[in-house]
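S.K.: Sharing coords-v8.txt here; it has compact mmCIF, C-alpha atoms.
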# COMPACT_ATOMS: atom_id res chain seq x y z
CA MET W 1 0.00 0.00 0.00
CA MET W 2 1.29 3.46 -0.92
CA ARG W 3 1.86 5.81 2.02
CA LEU W 4 0.32 9.19 1.31
CA THR W 5 1.85 12.23 2.89
CA PRO W 6 -0.60 15.03 3.70
CA LEU W 7 0.71 17.03 0.73
CA LYS W 8 0.27 14.16 -1.72
CA ARG W 9 -3.18 13.35 -0.29
CA CYS W 10 -4.34 16.97 -0.76
CA ARG W 11 -2.99 17.02 -4.29
CA PHE W 12 -4.73 13.75 -5.17
CA GLU W 13 -8.01 14.92 -3.59
CA ARG W 14 -7.95 18.01 -5.80
CA GLY W 15 -6.90 16.14 -8.93
CA VAL W 16 -3.84 18.32 -9.47
CA LEU W 17 -0.88 16.91 -11.37
CA GLN W 18 2.49 17.18 -9.67
CA ALA W 19 3.92 19.28 -12.50
CA VAL W 20 0.99 21.69 -12.28
CA LEU W 21 1.35 22.08 -8.51
CA ALA W 22 5.10 22.62 -8.85
CA ARG W 23 4.50 25.39 -11.37
CA ARG W 24 1.72 27.05 -9.31
CA ALA W 25 3.83 26.97 -6.14
CA ALA W 26 7.06 27.99 -7.92
CA ILE W 27 8.88 24.88 -6.70
CA ALA W 28 11.10 22.70 -8.86
CA TRP W 29 9.33 19.49 -9.86
CA GLY W 30 12.09 17.30 -8.40
CA ARG W 31 11.99 19.21 -5.12
CA LEU W 32 8.20 18.80 -4.91
CA SER W 33 8.56 15.08 -5.54
CA ALA W 34 11.13 14.79 -2.74
CA ILE W 35 8.86 16.71 -0.34
CA GLU W 36 5.81 14.63 -1.26
CA ASN W 37 7.70 11.39 -0.71
CA GLY W 38 9.14 12.46 2.64
CA VAL W 39 12.72 12.51 1.36
CA GLU W 40 13.08 16.23 2.10
CA GLU W 41 11.18 18.63 4.34
CA ALA W 42 9.54 21.74 2.93
CA GLU W 43 10.69 25.14 4.10
CA PRO W 44 7.94 27.26 5.74
CA GLU W 45 7.77 29.56 2.70
CA GLU W 46 7.31 26.52 0.42
CA LEU W 47 4.53 25.17 2.64
CA HIS W 48 2.68 28.48 2.38
CA ARG W 49 3.01 28.52 -1.41
CA LEU W 50 1.88 24.89 -1.68
CA ALA W 51 -1.10 25.52 0.59
CA ALA W 52 -2.09 28.57 -1.45
CA ALA W 53 -1.75 26.63 -4.71
CA LEU W 54 -3.94 23.83 -3.33
CA GLN W 55 -6.33 26.28 -1.62
CA VAL W 56 -6.00 24.62 1.77
CA PRO W 57 -4.83 25.89 5.16
CA VAL W 58 -1.15 25.25 5.86
CA GLU W 59 -2.17 23.12 8.85
CA LYS W 60 -3.72 20.61 6.46
CA LEU W 61 -0.27 19.96 4.98
CA LEU W 62 1.19 19.38 8.46
CA GLU W 63 -1.22 16.63 9.54
CA PRO W 64 0.54 13.38 10.36
CA VAL W 65 0.00 10.55 7.92
CA PHE W 66 -2.16 8.62 10.39
CA GLY W 67 -4.71 11.46 10.49
CA THR W 68 -4.45 13.24 13.85
CA PRO W 69 -3.75 16.93 13.28
CA ARG W 70 -0.33 17.92 14.59
CA THR W 71 -1.88 20.73 16.64
CA GLN W 72 -3.84 18.16 18.65
CA LEU W 73 -0.71 16.12 19.26
CA LEU W 74 1.18 19.16 20.51
CA SER W 75 -1.58 20.21 22.91
CA ALA W 76 -2.01 16.72 24.40
Before anything else, please render the file you have as structure tokens.
M.R.:
Amino acid sequence: MMRLTPLKRCRFERGVLQAVLARRAAIAWGRLSAIENGVEEAEPEELHRLAAALQVPVEKLLEPVFGTPRTQLLSA
């Protein structure tokens, strides 16, 4: 089973191709691929651009893979 990172899940849910998202967020396609696959971490500025391009709150891109929002984990 493929593990979906929050970024990849949001992109799939919106039906946006990786190349299109990379262009909209002004991020190199290879860099976006590395971020989506958990190889590299996105810089805060990149997260904001990705969230804007996907029209989601930044927090949605920070949710752990298993579904509990990170803000809930931090406040527990």
S.K.: Within 9 Å of (-4.9, 13.6, 2.0) (file coordinates; all atoms listed in the file), which protein or nucleic acid residues are there? I'd like them as a ChimeraX atom specification.
M.R.: /W:4-13,60-61,63,65,67
S.K.: Pick out the residues sitting within 12 Å of Pro44 (chain W), and hand them over as a PDB file with C-alpha atoms, keeping the file's coordinate frame; count all atoms listed in the file, and ignore anything fewer than 2 positions along from it in its own chain.
M.R.:
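Result written to around-v6.pdb:
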ATOM      1  CA  GLU W  41      11.180  18.630   4.340  1.00  0.00           C
ATOM      2  CA  ALA W  42       9.540  21.740   2.930  1.00  0.00           C
ATOM      3  CA  GLU W  46       7.310  26.520   0.420  1.00  0.00           C
ATOM      4  CA  LEU W  47       4.530  25.170   2.640  1.00  0.00           C
ATOM      5  CA  HIS W  48       2.680  28.480   2.380  1.00  0.00           C
ATOM      6  CA  ARG W  49       3.010  28.520  -1.410  1.00  0.00           C
ATOM      7  CA  LEU W  50       1.880  24.890  -1.680  1.00  0.00           C
ATOM      8  CA  ALA W  51      -1.100  25.520   0.590  1.00  0.00           C
ATOM      9  CA  VAL W  58      -1.150  25.250   5.860  1.00  0.00           C
ATOM     10  CA  GLU W  59      -2.170  23.120   8.850  1.00  0.00           C
ATOM     11  CA  LEU W  61      -0.270  19.960   4.980  1.00  0.00           C
ATOM     12  CA  LEU W  62       1.190  19.380   8.460  1.00  0.00           C
TER      13      LEU W  62
END
S.K.: Mind giving me the straight-line distance from CA of Ala53 (chain W) to CA of Ala34 (chain W) in Å, one decimal?
M.R.: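 Separation between CA of Ala53 (chain W) and CA of Ala34 (chain W): 17.6 Å.
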